[in-house]
file upload04.pdb (PDB, C-alpha atoms)
ATOM      1  CA  MET C   2       0.000   0.000   0.000  1.00  0.00           C
ATOM      2  CA  ASP C   3       1.079   3.528  -0.699  1.00  0.00           C
ATOM      3  CA  PHE C   4       1.329   5.624   2.498  1.00  0.00           C
ATOM      4  CA  SER C   5       3.012   8.533   0.850  1.00  0.00           C
ATOM      5  CA  TRP C   6      -0.174  10.597   1.221  1.00  0.00           C
ATOM      6  CA  LEU C   7       0.383  10.573   4.999  1.00  0.00           C
ATOM      7  CA  LEU C   8       3.681  12.339   4.569  1.00  0.00           C
ATOM      8  CA  ASN C   9       2.434  15.371   2.725  1.00  0.00           C
ATOM      9  CA  GLU C  10       2.741  18.726   4.425  1.00  0.00           C
ATOM     10  CA  ALA C  11      -0.968  19.215   5.202  1.00  0.00           C
ATOM     11  CA  ASN C  12      -1.352  15.873   6.952  1.00  0.00           C
ATOM     12  CA  LEU C  13       1.815  16.392   8.959  1.00  0.00           C
ATOM     13  CA  ALA C  14       0.532  19.767  10.139  1.00  0.00           C
ATOM     14  CA  ALA C  15      -2.798  18.227  11.160  1.00  0.00           C
ATOM     15  CA  LEU C  16      -1.036  15.425  13.010  1.00  0.00           C
ATOM     16  CA  LYS C  17       1.154  17.926  14.825  1.00  0.00           C
ATOM     17  CA  ALA C  18      -1.894  19.997  15.809  1.00  0.00           C
ATOM     18  CA  LEU C  19      -3.608  16.866  17.143  1.00  0.00           C
ATOM     19  CA  LEU C  20      -0.561  16.012  19.228  1.00  0.00           C
ATOM     20  CA  ASP C  21      -0.509  19.557  20.597  1.00  0.00           C
ATOM     21  CA  VAL C  22      -4.156  19.195  21.625  1.00  0.00           C
ATOM     22  CA  TYR C  23      -3.386  15.957  23.459  1.00  0.00           C
ATOM     23  CA  LYS C  24      -0.467  17.621  25.223  1.00  0.00           C
ATOM     24  CA  VAL C  25      -2.676  20.489  26.410  1.00  0.00           C
ATOM     25  CA  MET C  26      -5.415  18.121  27.586  1.00  0.00           C
ATOM     26  CA  PHE C  27      -2.863  15.982  29.394  1.00  0.00           C
ATOM     27  CA  SER C  28      -1.307  19.013  31.104  1.00  0.00           C
ATOM     28  CA  ILE C  29      -4.757  20.181  32.272  1.00  0.00           C
ATOM     29  CA  PHE C  30      -6.429  16.954  33.339  1.00  0.00           C
ATOM     30  CA  LEU C  31      -3.442  15.327  35.009  1.00  0.00           C
ATOM     31  CA  PRO C  32      -3.227  17.973  37.793  1.00  0.00           C
ATOM     32  CA  ILE C  33      -7.014  17.848  38.221  1.00  0.00           C
ATOM     33  CA  PHE C  34      -6.891  14.076  38.561  1.00  0.00           C
ATOM     34  CA  ALA C  35      -4.034  14.351  41.058  1.00  0.00           C
ATOM     35  CA  ILE C  36      -5.924  16.953  43.101  1.00  0.00           C
ATOM     36  CA  GLY C  37      -8.986  14.697  43.122  1.00  0.00           C
ATOM     37  CA  LEU C  38      -6.946  11.805  44.473  1.00  0.00           C
ATOM     38  CA  LEU C  39      -5.420  14.070  47.118  1.00  0.00           C
ATOM     39  CA  LEU C  40      -8.825  15.334  48.262  1.00  0.00           C
ATOM     40  CA  ALA C  41     -10.159  11.783  48.454  1.00  0.00           C
ATOM     41  CA  TRP C  42      -7.181  10.782  50.591  1.00  0.00           C
ATOM     42  CA  ILE C  43      -7.665  13.791  52.906  1.00  0.00           C
ATOM     43  CA  ASP C  44     -11.372  13.026  53.244  1.00  0.00           C
ATOM     44  CA  ARG C  45     -10.589   9.443  54.185  1.00  0.00           C
ATOM     45  CA  LYS C  46      -8.057  10.581  56.775  1.00  0.00           C
ATOM     46  CA  LEU C  47     -10.426  13.096  58.325  1.00  0.00           C
ATOM     47  CA  SER C  48     -13.474  10.851  58.368  1.00  0.00           C
ATOM     48  CA  PRO C  49     -12.740   9.348  61.835  1.00  0.00           C
ATOM     49  CA  SER C  50     -12.687  12.812  63.421  1.00  0.00           C
ATOM     50  CA  SER C  51     -16.011  13.592  61.803  1.00  0.00           C
ATOM     51  CA  ARG C  52     -17.556  10.949  64.030  1.00  0.00           C
ATOM     52  CA  SER C  53     -17.170  13.407  66.900  1.00  0.00           C
ATOM     53  CA  ALA C  54     -19.580  15.824  65.176  1.00  0.00           C
ATOM     54  CA  PRO C  55     -22.684  14.324  66.831  1.00  0.00           C
ATOM     55  CA  ARG C  56     -21.096  14.985  70.227  1.00  0.00           C
ATOM     56  CA  THR C  57     -20.570  18.609  69.222  1.00  0.00           C
ATOM     57  CA  ARG C  58     -24.180  18.918  68.113  1.00  0.00           C
ATOM     58  CA  SER C  59     -25.447  17.275  71.268  1.00  0.00           C
ATOM     59  CA  ARG C  60     -23.309  19.629  73.357  1.00  0.00           C
ATOM     60  CA  SER C  61     -24.785  22.590  71.495  1.00  0.00           C
ATOM     61  CA  SER C  62     -28.303  21.262  71.954  1.00  0.00           C
ATOM     62  CA  TRP C  63     -27.528  20.751  75.648  1.00  0.00           C
ATOM     63  CA  LYS C  64     -26.592  24.422  75.913  1.00  0.00           C
ATOM     64  CA  SER C  65     -29.835  25.534  74.279  1.00  0.00           C
ATOM     65  CA  THR C  66     -31.805  23.126  76.481  1.00  0.00           C
ATOM     66  CA  ASN C  67     -29.988  24.405  79.543  1.00  0.00           C
ATOM     67  CA  THR C  68     -30.865  27.995  78.605  1.00  0.00           C
ATOM     68  CA  LEU C  69     -34.479  26.960  78.097  1.00  0.00           C
ATOM     69  CA  ASP C  70     -34.536  25.247  81.497  1.00  0.00           C
ATOM     70  CA  LYS C  71     -33.140  28.376  83.155  1.00  0.00           C
ATOM     71  CA  GLY C  72     -35.860  30.458  81.527  1.00  0.00           C
ATOM     72  CA  LYS C  73     -38.575  28.065  82.698  1.00  0.00           C
ATOM     73  CA  ALA C  74     -37.110  28.047  86.203  1.00  0.00           C
ATOM     74  CA  LEU C  75     -37.309  31.838  86.356  1.00  0.00           C
ATOM     75  CA  GLU C  76     -40.896  31.799  85.095  1.00  0.00           C
ATOM     76  CA  LEU C  77     -41.927  29.248  87.723  1.00  0.00           C
ATOM     77  CA  GLU C  78     -40.254  31.263  90.469  1.00  0.00           C
ATOM     78  CA  LEU C  79     -42.064  34.408  89.340  1.00  0.00           C
ATOM     79  CA  VAL C  80     -45.378  32.549  89.349  1.00  0.00           C
ATOM     80  CA  GLN C  81     -44.812  31.487  92.954  1.00  0.00           C
ATOM     81  CA  LEU C  82     -43.597  34.912  94.084  1.00  0.00           C
ATOM     82  CA  PHE C  83     -46.449  36.895  92.566  1.00  0.00           C
ATOM     83  CA  ARG C  84     -49.070  34.440  93.781  1.00  0.00           C
ATOM     84  CA  ALA C  85     -47.613  34.709  97.279  1.00  0.00           C
ATOM     85  CA  LEU C  86     -48.140  38.475  97.031  1.00  0.00           C
ATOM     86  CA  GLY C  87     -51.798  38.055  96.111  1.00  0.00           C
ATOM     87  CA  TYR C  88     -51.602  38.425  92.330  1.00  0.00           C
ATOM     88  CA  GLN C  89     -53.578  36.334  89.893  1.00  0.00           C
ATOM     89  CA  VAL C  90     -51.040  34.772  87.534  1.00  0.00           C
ATOM     90  CA  GLN C  91     -51.649  33.442  84.032  1.00  0.00           C
ATOM     91  CA  ARG C  92     -48.988  31.718  81.927  1.00  0.00           C
ATOM     92  CA  THR C  93     -49.161  32.235  78.173  1.00  0.00           C
ATOM     93  CA  PRO C  94     -48.669  29.424  75.603  1.00  0.00           C
ATOM     94  CA  LEU C  95     -45.089  28.394  74.835  1.00  0.00           C
ATOM     95  CA  GLN C  96     -45.684  29.022  71.127  1.00  0.00           C
ATOM     96  CA  GLY C  97     -47.114  32.279  69.851  1.00  0.00           C
ATOM     97  CA  ASP C  98     -46.955  34.116  73.173  1.00  0.00           C
ATOM     98  CA  TRP C  99     -46.469  37.533  71.488  1.00  0.00           C
ATOM     99  CA  GLY C 100     -43.448  38.244  73.671  1.00  0.00           C
ATOM    100  CA  VAL C 101     -45.324  37.760  76.957  1.00  0.00           C
ATOM    101  CA  ASP C 102     -44.585  34.901  79.365  1.00  0.00           C
ATOM    102  CA  LEU C 103     -46.844  35.833  82.280  1.00  0.00           C
ATOM    103  CA  ILE C 104     -49.854  38.038  82.879  1.00  0.00           C
ATOM    104  CA  ILE C 105     -50.350  39.124  86.475  1.00  0.00           C
ATOM    105  CA  GLN C 106     -53.315  40.985  87.911  1.00  0.00           C
ATOM    106  CA  ASP C 107     -53.383  42.732  91.269  1.00  0.00           C
ATOM    107  CA  PRO C 108     -56.466  42.900  93.545  1.00  0.00           C
ATOM    108  CA  GLN C 109     -57.404  46.260  91.990  1.00  0.00           C
ATOM    109  CA  GLY C 110     -57.604  44.672  88.522  1.00  0.00           C
ATOM    110  CA  LYS C 111     -54.402  46.115  87.038  1.00  0.00           C
ATOM    111  CA  ARG C 112     -52.964  43.702  84.481  1.00  0.00           C
ATOM    112  CA  ILE C 113     -49.221  43.579  83.766  1.00  0.00           C
ATOM    113  CA  ALA C 114     -47.622  41.738  80.842  1.00  0.00           C
ATOM    114  CA  ILE C 115     -44.304  40.167  81.847  1.00  0.00           C
ATOM    115  CA  GLN C 116     -41.495  38.748  79.770  1.00  0.00           C
ATOM    116  CA  ALA C 117     -38.773  36.868  81.682  1.00  0.00           C
ATOM    117  CA  LYS C 118     -35.286  36.472  80.199  1.00  0.00           C
ATOM    118  CA  ASN C 119     -32.818  34.428  82.225  1.00  0.00           C
ATOM    119  CA  TRP C 120     -29.946  34.947  79.791  1.00  0.00           C
ATOM    120  CA  SER C 121     -26.258  34.791  80.622  1.00  0.00           C
ATOM    121  CA  GLY C 122     -25.777  38.219  79.030  1.00  0.00           C
ATOM    122  CA  LYS C 123     -27.686  41.466  78.906  1.00  0.00           C
ATOM    123  CA  VAL C 124     -31.050  41.629  77.178  1.00  0.00           C
ATOM    124  CA  GLY C 125     -31.403  43.884  74.130  1.00  0.00           C
ATOM    125  CA  LEU C 126     -34.082  46.208  72.837  1.00  0.00           C
ATOM    126  CA  GLU C 127     -35.834  43.514  70.770  1.00  0.00           C
ATOM    127  CA  SER C 128     -37.296  42.046  73.954  1.00  0.00           C
ATOM    128  CA  VAL C 129     -38.481  45.511  74.977  1.00  0.00           C
ATOM    129  CA  TYR C 130     -40.392  45.856  71.699  1.00  0.00           C
ATOM    130  CA  GLN C 131     -41.838  42.356  72.081  1.00  0.00           C
ATOM    131  CA  VAL C 132     -43.295  42.795  75.555  1.00  0.00           C
ATOM    132  CA  HIS C 133     -44.545  46.276  74.683  1.00  0.00           C
ATOM    133  CA  GLY C 134     -46.438  44.896  71.695  1.00  0.00           C
ATOM    134  CA  GLY C 135     -47.705  41.920  73.699  1.00  0.00           C
ATOM    135  CA  LYS C 136     -49.095  44.259  76.351  1.00  0.00           C
ATOM    136  CA  ASP C 137     -51.620  45.676  73.883  1.00  0.00           C
ATOM    137  CA  ILE C 138     -52.496  42.261  72.457  1.00  0.00           C
ATOM    138  CA  TYR C 139     -53.308  40.874  75.916  1.00  0.00           C
ATOM    139  CA  LYS C 140     -55.066  44.117  76.924  1.00  0.00           C
ATOM    140  CA  CYS C 141     -52.750  44.834  79.832  1.00  0.00           C
ATOM    141  CA  HIS C 142     -52.203  48.150  81.566  1.00  0.00           C
ATOM    142  CA  ALA C 143     -48.404  47.872  81.797  1.00  0.00           C
ATOM    143  CA  ALA C 144     -45.445  45.889  80.469  1.00  0.00           C
ATOM    144  CA  ARG C 145     -42.511  44.580  82.485  1.00  0.00           C
ATOM    145  CA  LEU C 146     -39.295  42.945  81.280  1.00  0.00           C
ATOM    146  CA  ILE C 147     -37.442  40.889  83.903  1.00  0.00           C
ATOM    147  CA  ALA C 148     -33.808  39.897  83.306  1.00  0.00           C
ATOM    148  CA  PRO C 149     -31.477  39.074  86.228  1.00  0.00           C
ATOM    149  CA  ASN C 150     -28.343  39.960  84.230  1.00  0.00           C
ATOM    150  CA  GLY C 151     -29.544  43.396  83.190  1.00  0.00           C
ATOM    151  CA  PHE C 152     -30.102  45.227  79.930  1.00  0.00           C
ATOM    152  CA  THR C 153     -28.164  46.965  77.191  1.00  0.00           C
ATOM    153  CA  GLU C 154     -28.141  50.747  76.929  1.00  0.00           C
ATOM    154  CA  GLN C 155     -30.326  50.563  73.814  1.00  0.00           C
ATOM    155  CA  ALA C 156     -32.867  48.467  75.713  1.00  0.00           C
ATOM    156  CA  GLU C 157     -32.928  50.948  78.590  1.00  0.00           C
ATOM    157  CA  ARG C 158     -33.490  53.887  76.232  1.00  0.00           C
ATOM    158  CA  ALA C 159     -36.253  52.048  74.380  1.00  0.00           C
ATOM    159  CA  ALA C 160     -37.910  51.065  77.664  1.00  0.00           C
ATOM    160  CA  ARG C 161     -37.951  54.663  78.867  1.00  0.00           C
ATOM    161  CA  ALA C 162     -39.469  55.813  75.591  1.00  0.00           C
ATOM    162  CA  LEU C 163     -42.140  53.082  75.553  1.00  0.00           C
ATOM    163  CA  GLY C 164     -42.899  53.019  79.269  1.00  0.00           C
ATOM    164  CA  VAL C 165     -41.728  49.425  79.799  1.00  0.00           C
ATOM    165  CA  GLU C 166     -40.607  48.550  83.335  1.00  0.00           C
ATOM    166  CA  LEU C 167     -37.175  46.915  83.556  1.00  0.00           C
ATOM    167  CA  TRP C 168     -36.496  44.582  86.463  1.00  0.00           C
ATOM    168  CA  SER C 169     -32.993  43.270  87.105  1.00  0.00           C
ATOM    169  CA  GLU C 170     -31.566  41.064  89.871  1.00  0.00           C
ATOM    170  CA  GLN C 171     -31.949  43.901  92.373  1.00  0.00           C
ATOM    171  CA  HIS C 172     -35.716  43.982  91.847  1.00  0.00           C
ATOM    172  CA  LEU C 173     -35.918  40.187  92.063  1.00  0.00           C
ATOM    173  CA  ALA C 174     -34.002  40.196  95.341  1.00  0.00           C
ATOM    174  CA  ALA C 175     -36.418  42.773  96.780  1.00  0.00           C
ATOM    175  CA  LEU C 176     -39.377  40.693  95.577  1.00  0.00           C
ATOM    176  CA  ARG C 177     -37.995  37.546  97.230  1.00  0.00           C
ATOM    177  CA  GLN C 178     -37.338  39.456 100.443  1.00  0.00           C
ATOM    178  CA  GLN C 179     -40.897  40.779 100.458  1.00  0.00           C
ATOM    179  CA  VAL C 180     -42.309  37.273 100.069  1.00  0.00           C
ATOM    180  CA  ARG C 181     -40.059  35.890 102.825  1.00  0.00           C
ATOM    181  CA  ARG C 182     -41.196  38.662 105.143  1.00  0.00           C
ATOM    182  CA  LEU C 183     -44.849  37.850 104.489  1.00  0.00           C
ATOM    183  CA  GLN C 184     -44.223  34.144 105.046  1.00  0.00           C
ATOM    184  CA  GLN C 185     -42.467  34.847 108.340  1.00  0.00           C
ATOM    185  CA  GLN C 186     -45.347  37.040 109.469  1.00  0.00           C
ATOM    186  CA  ALA C 187     -47.829  34.311 108.549  1.00  0.00           C
ATOM    187  CA  GLN C 188     -45.834  31.735 110.504  1.00  0.00           C
ATOM    188  CA  THR C 189     -45.699  34.032 113.516  1.00  0.00           C
ATOM    189  CA  ARG C 190     -49.464  34.530 113.463  1.00  0.00           C
ATOM    190  CA  SER C 191     -50.083  30.797 113.112  1.00  0.00           C
ATOM    191  CA  GLN C 192     -47.994  29.888 116.170  1.00  0.00           C
ATOM    192  CA  PRO C 193     -50.068  29.342 119.351  1.00  0.00           C
ATOM    193  CA  THR C 194     -49.643  31.936 122.049  1.00  0.00           C
ATOM    194  CA  ASN C 195     -48.432  30.510 125.358  1.00  0.00           C
ATOM    195  CA  LEU C 196     -50.473  32.290 128.009  1.00  0.00           C
ATOM    196  CA  PRO C 197     -48.871  32.547 131.458  1.00  0.00           C
ATOM    197  CA  ARG C 198     -50.393  30.285 134.060  1.00  0.00           C
ATOM    198  CA  SER C 199     -52.348  31.945 136.809  1.00  0.00           C
ATOM    199  CA  HIS C 200     -51.011  31.428 140.321  1.00  0.00           C
ATOM    200  CA  ARG C 201     -53.523  30.589 143.018  1.00  0.00           C
TER     201      ARG C 201
END

call {"tool": "encode", "arguments": {"input": "upload04.pdb", "output": "structure tokens"}}
result
Amino acid sequence: MDFSWLLNEANLAALKALLDVYKVMFSIFLPIFAIGLLLAWIDRKLSPSSRSAPRTRSRSSWKSTNTLDKGKALELELVQLFRALGYQVQRTPLQGDWGVDLIIQDPQGKRIAIQAKNWSGKVGLESVYQVHGGKDIYKCHAARLIAPNGFTEQAERAARALGVELWSEQHLAALRQQVRRLQQQAQTRSQPTNLPRSHR
């Protein structure tokens, strides 16, 4: 067979161009293939440490649960304290509470919307807006935000502008002291009086 047609100038140029294309493809895809192998090896090496991820998630969920438990504990304490002082106390639903945790009513019929925040840090102005809006929804006369660890400056300014009462740990301590005093007085009244014996 005659293969002389393969050796003409046009075919040689085409063959050279084809080889150049293969060289370019090889120079591009070889590094990509190598990087893919490297990433697969790294993923395999790191996969045992990824098993600790559930522990991290559970620790995070424990923190959120712990915060929720602290908030519930504060709410329950407030329920007991205000009831001991003669208030009617109503707890709002956990979902859709409109920023109000408790509604208390004194003997004169004054209703106060209360939001309790037992956070580790200071409470911001968002909570002030929430309890202020919830006050109108629940048809209360006043709004009170209770946070043992205090409030940010923005929250304090917003509370002054909106007329929201801010109670910190100092107010809670005074409330507890007032309840203890009433309980002590009740115990004193309930104790029988020892009358002196008459001498004949």

call {"tool": "closest_atom_pairs", "arguments": {"input": "upload04.pdb", "of": "range 76-101 of chain C", "to": "range 123-134 of chain C", "cutoff": "10 Å", "atoms": "only C-alpha atoms", "output": "JSON lines"}}
result
{"residue": "C:Asp98", "atom": "CA", "partner": "C:Val132", "partner_atom": "CA", "distance": 9.7}
{"residue": "C:Trp99", "atom": "CA", "partner": "C:Gln131", "partner_atom": "CA", "distance": 6.7}
{"residue": "C:Gly100", "atom": "CA", "partner": "C:Gln131", "partner_atom": "CA", "distance": 4.7}
{"residue": "C:Val101", "atom": "CA", "partner": "C:Val132", "partner_atom": "CA", "distance": 5.6}

call {"tool": "resolve_selection", "arguments": {"input": "upload04.pdb", "expression": "the PyMOL selection byres ((chain C and resi 112-120) around 7)", "output": "PDB file with C-alpha atoms, keeping the file's coordinate frame"}}
result
ATOM      1  CA  LYS C  71     -33.140  28.376  83.155  1.00  0.00           C
ATOM      2  CA  GLY C  72     -35.860  30.458  81.527  1.00  0.00           C
ATOM      3  CA  LEU C  75     -37.309  31.838  86.356  1.00  0.00           C
ATOM      4  CA  GLU C  76     -40.896  31.799  85.095  1.00  0.00           C
ATOM      5  CA  GLY C 100     -43.448  38.244  73.671  1.00  0.00           C
ATOM      6  CA  VAL C 101     -45.324  37.760  76.957  1.00  0.00           C
ATOM      7  CA  ASP C 102     -44.585  34.901  79.365  1.00  0.00           C
ATOM      8  CA  LEU C 103     -46.844  35.833  82.280  1.00  0.00           C
ATOM      9  CA  ILE C 104     -49.854  38.038  82.879  1.00  0.00           C
ATOM     10  CA  ILE C 105     -50.350  39.124  86.475  1.00  0.00           C
ATOM     11  CA  GLN C 106     -53.315  40.985  87.911  1.00  0.00           C
ATOM     12  CA  ASP C 107     -53.383  42.732  91.269  1.00  0.00           C
ATOM     13  CA  GLY C 110     -57.604  44.672  88.522  1.00  0.00           C
ATOM     14  CA  LYS C 111     -54.402  46.115  87.038  1.00  0.00           C
ATOM     15  CA  SER C 121     -26.258  34.791  80.622  1.00  0.00           C
ATOM     16  CA  GLY C 122     -25.777  38.219  79.030  1.00  0.00           C
ATOM     17  CA  LYS C 123     -27.686  41.466  78.906  1.00  0.00           C
ATOM     18  CA  VAL C 132     -43.295  42.795  75.555  1.00  0.00           C
ATOM     19  CA  LYS C 136     -49.095  44.259  76.351  1.00  0.00           C
ATOM     20  CA  CYS C 141     -52.750  44.834  79.832  1.00  0.00           C
ATOM     21  CA  HIS C 142     -52.203  48.150  81.566  1.00  0.00           C
ATOM     22  CA  ALA C 143     -48.404  47.872  81.797  1.00  0.00           C
ATOM     23  CA  ALA C 144     -45.445  45.889  80.469  1.00  0.00           C
ATOM     24  CA  ARG C 145     -42.511  44.580  82.485  1.00  0.00           C
ATOM     25  CA  LEU C 146     -39.295  42.945  81.280  1.00  0.00           C
ATOM     26  CA  ILE C 147     -37.442  40.889  83.903  1.00  0.00           C
ATOM     27  CA  ALA C 148     -33.808  39.897  83.306  1.00  0.00           C
ATOM     28  CA  PRO C 149     -31.477  39.074  86.228  1.00  0.00           C
ATOM     29  CA  ASN C 150     -28.343  39.960  84.230  1.00  0.00           C
TER      30      ASN C 150
END

call {"tool": "residues_around", "arguments": {"input": "upload04.pdb", "residues": "Pro108 in chain C", "least_positions_apart": "3", "cutoff": "9 Å", "atoms": "only C-alpha atoms", "output": "ChimeraX atom specification"}}
result
/C:87-89,111

call {"tool": "resolve_selection", "arguments": {"input": "upload04.pdb", "expression": "the PyMOL selection byres ((chain C and resi 86) around 9)", "output": "PyMOL selection string"}}
result
chain C and resi 81-85+87-88+107+179-180+183

call {"tool": "write_last_selection", "arguments": {"input": "upload04.pdb", "atoms": "C-alpha atoms", "output": "PDB file, in the coordinates of the input"}}
result
ATOM      1  CA  GLN C  81     -44.812  31.487  92.954  1.00  0.00           C
ATOM      2  CA  LEU C  82     -43.597  34.912  94.084  1.00  0.00           C
ATOM      3  CA  PHE C  83     -46.449  36.895  92.566  1.00  0.00           C
ATOM      4  CA  ARG C  84     -49.070  34.440  93.781  1.00  0.00           C
ATOM      5  CA  ALA C  85     -47.613  34.709  97.279  1.00  0.00           C
ATOM      6  CA  GLY C  87     -51.798  38.055  96.111  1.00  0.00           C
ATOM      7  CA  TYR C  88     -51.602  38.425  92.330  1.00  0.00           C
ATOM      8  CA  ASP C 107     -53.383  42.732  91.269  1.00  0.00           C
ATOM      9  CA  GLN C 179     -40.897  40.779 100.458  1.00  0.00           C
ATOM     10  CA  VAL C 180     -42.309  37.273 100.069  1.00  0.00           C
ATOM     11  CA  LEU C 183     -44.849  37.850 104.489  1.00  0.00           C
TER      12      LEU C 183
END

call {"tool": "atom_distance", "arguments": {"input": "upload04.pdb", "atom1": "CA of Leu173 in chain C", "atom2": "CA of Tyr139 in chain C"}}
result
23.7 Å

call {"tool": "atom_distance", "arguments": {"input": "upload04.pdb", "atom1": "CA of Lys73 in chain C", "atom2": "CA of Leu95 in chain C"}}
result
10.2 Å

call {"tool": "atom_distance", "arguments": {"input": "upload04.pdb", "atom1": "CA of Leu79 in chain C", "atom2": "CA of Leu163 in chain C"}}
result
23.2 Å

call {"tool": "axis_aligned_box", "arguments": {"input": "upload04.pdb", "around": "range 104-116 of chain C", "padding_each_side": "4 Å", "output": "JSON"}}
result
{"center_x": -49.5, "center_y": 42.1, "center_z": 86.7, "size_x": 24.1, "size_y": 16.2, "size_z": 21.8}

call {"tool": "decode", "arguments": {"input": "upload04.pdb", "residues": "range 74-141 of chain C", "atoms": "C-alpha atoms", "output": "PDB file, in the first residue's frame"}}
result
ATOM      1  CA  ALA C  74     -37.110  28.047  86.203  1.00  0.00           C
ATOM      2  CA  LEU C  75     -37.309  31.838  86.356  1.00  0.00           C
ATOM      3  CA  GLU C  76     -40.896  31.799  85.095  1.00  0.00           C
ATOM      4  CA  LEU C  77     -41.927  29.248  87.723  1.00  0.00           C
ATOM      5  CA  GLU C  78     -40.254  31.263  90.469  1.00  0.00           C
ATOM      6  CA  LEU C  79     -42.064  34.408  89.340  1.00  0.00           C
ATOM      7  CA  VAL C  80     -45.378  32.549  89.349  1.00  0.00           C
ATOM      8  CA  GLN C  81     -44.812  31.487  92.954  1.00  0.00           C
ATOM      9  CA  LEU C  82     -43.597  34.912  94.084  1.00  0.00           C
ATOM     10  CA  PHE C  83     -46.449  36.895  92.566  1.00  0.00           C
ATOM     11  CA  ARG C  84     -49.070  34.440  93.781  1.00  0.00           C
ATOM     12  CA  ALA C  85     -47.613  34.709  97.279  1.00  0.00           C
ATOM     13  CA  LEU C  86     -48.140  38.475  97.031  1.00  0.00           C
ATOM     14  CA  GLY C  87     -51.798  38.055  96.111  1.00  0.00           C
ATOM     15  CA  TYR C  88     -51.602  38.425  92.330  1.00  0.00           C
ATOM     16  CA  GLN C  89     -53.578  36.334  89.893  1.00  0.00           C
ATOM     17  CA  VAL C  90     -51.040  34.772  87.534  1.00  0.00           C
ATOM     18  CA  GLN C  91     -51.649  33.442  84.032  1.00  0.00           C
ATOM     19  CA  ARG C  92     -48.988  31.718  81.927  1.00  0.00           C
ATOM     20  CA  THR C  93     -49.161  32.235  78.173  1.00  0.00           C
ATOM     21  CA  PRO C  94     -48.669  29.424  75.603  1.00  0.00           C
ATOM     22  CA  LEU C  95     -45.089  28.394  74.835  1.00  0.00           C
ATOM     23  CA  GLN C  96     -45.684  29.022  71.127  1.00  0.00           C
ATOM     24  CA  GLY C  97     -47.114  32.279  69.851  1.00  0.00           C
ATOM     25  CA  ASP C  98     -46.955  34.116  73.173  1.00  0.00           C
ATOM     26  CA  TRP C  99     -46.469  37.533  71.488  1.00  0.00           C
ATOM     27  CA  GLY C 100     -43.448  38.244  73.671  1.00  0.00           C
ATOM     28  CA  VAL C 101     -45.324  37.760  76.957  1.00  0.00           C
ATOM     29  CA  ASP C 102     -44.585  34.901  79.365  1.00  0.00           C
ATOM     30  CA  LEU C 103     -46.844  35.833  82.280  1.00  0.00           C
ATOM     31  CA  ILE C 104     -49.854  38.038  82.879  1.00  0.00           C
ATOM     32  CA  ILE C 105     -50.350  39.124  86.475  1.00  0.00           C
ATOM     33  CA  GLN C 106     -53.315  40.985  87.911  1.00  0.00           C
ATOM     34  CA  ASP C 107     -53.383  42.732  91.269  1.00  0.00           C
ATOM     35  CA  PRO C 108     -56.466  42.900  93.545  1.00  0.00           C
ATOM     36  CA  GLN C 109     -57.404  46.260  91.990  1.00  0.00           C
ATOM     37  CA  GLY C 110     -57.604  44.672  88.522  1.00  0.00           C
ATOM     38  CA  LYS C 111     -54.402  46.115  87.038  1.00  0.00           C
ATOM     39  CA  ARG C 112     -52.964  43.702  84.481  1.00  0.00           C
ATOM     40  CA  ILE C 113     -49.221  43.579  83.766  1.00  0.00           C
ATOM     41  CA  ALA C 114     -47.622  41.738  80.842  1.00  0.00           C
ATOM     42  CA  ILE C 115     -44.304  40.167  81.847  1.00  0.00           C
ATOM     43  CA  GLN C 116     -41.495  38.748  79.770  1.00  0.00           C
ATOM     44  CA  ALA C 117     -38.773  36.868  81.682  1.00  0.00           C
ATOM     45  CA  LYS C 118     -35.286  36.472  80.199  1.00  0.00           C
ATOM     46  CA  ASN C 119     -32.818  34.428  82.225  1.00  0.00           C
ATOM     47  CA  TRP C 120     -29.946  34.947  79.791  1.00  0.00           C
ATOM     48  CA  SER C 121     -26.258  34.791  80.622  1.00  0.00           C
ATOM     49  CA  GLY C 122     -25.777  38.219  79.030  1.00  0.00           C
ATOM     50  CA  LYS C 123     -27.686  41.466  78.906  1.00  0.00           C
ATOM     51  CA  VAL C 124     -31.050  41.629  77.178  1.00  0.00           C
ATOM     52  CA  GLY C 125     -31.403  43.884  74.130  1.00  0.00           C
ATOM     53  CA  LEU C 126     -34.082  46.208  72.837  1.00  0.00           C
ATOM     54  CA  GLU C 127     -35.834  43.514  70.770  1.00  0.00           C
ATOM     55  CA  SER C 128     -37.296  42.046  73.954  1.00  0.00           C
ATOM     56  CA  VAL C 129     -38.481  45.511  74.977  1.00  0.00           C
ATOM     57  CA  TYR C 130     -40.392  45.856  71.699  1.00  0.00           C
ATOM     58  CA  GLN C 131     -41.838  42.356  72.081  1.00  0.00           C
ATOM     59  CA  VAL C 132     -43.295  42.795  75.555  1.00  0.00           C
ATOM     60  CA  HIS C 133     -44.545  46.276  74.683  1.00  0.00           C
ATOM     61  CA  GLY C 134     -46.438  44.896  71.695  1.00  0.00           C
ATOM     62  CA  GLY C 135     -47.705  41.920  73.699  1.00  0.00           C
ATOM     63  CA  LYS C 136     -49.095  44.259  76.351  1.00  0.00           C
ATOM     64  CA  ASP C 137     -51.620  45.676  73.883  1.00  0.00           C
ATOM     65  CA  ILE C 138     -52.496  42.261  72.457  1.00  0.00           C
ATOM     66  CA  TYR C 139     -53.308  40.874  75.916  1.00  0.00           C
ATOM     67  CA  LYS C 140     -55.066  44.117  76.924  1.00  0.00           C
ATOM     68  CA  CYS C 141     -52.750  44.834  79.832  1.00  0.00           C
TER      69      CYS C 141
END
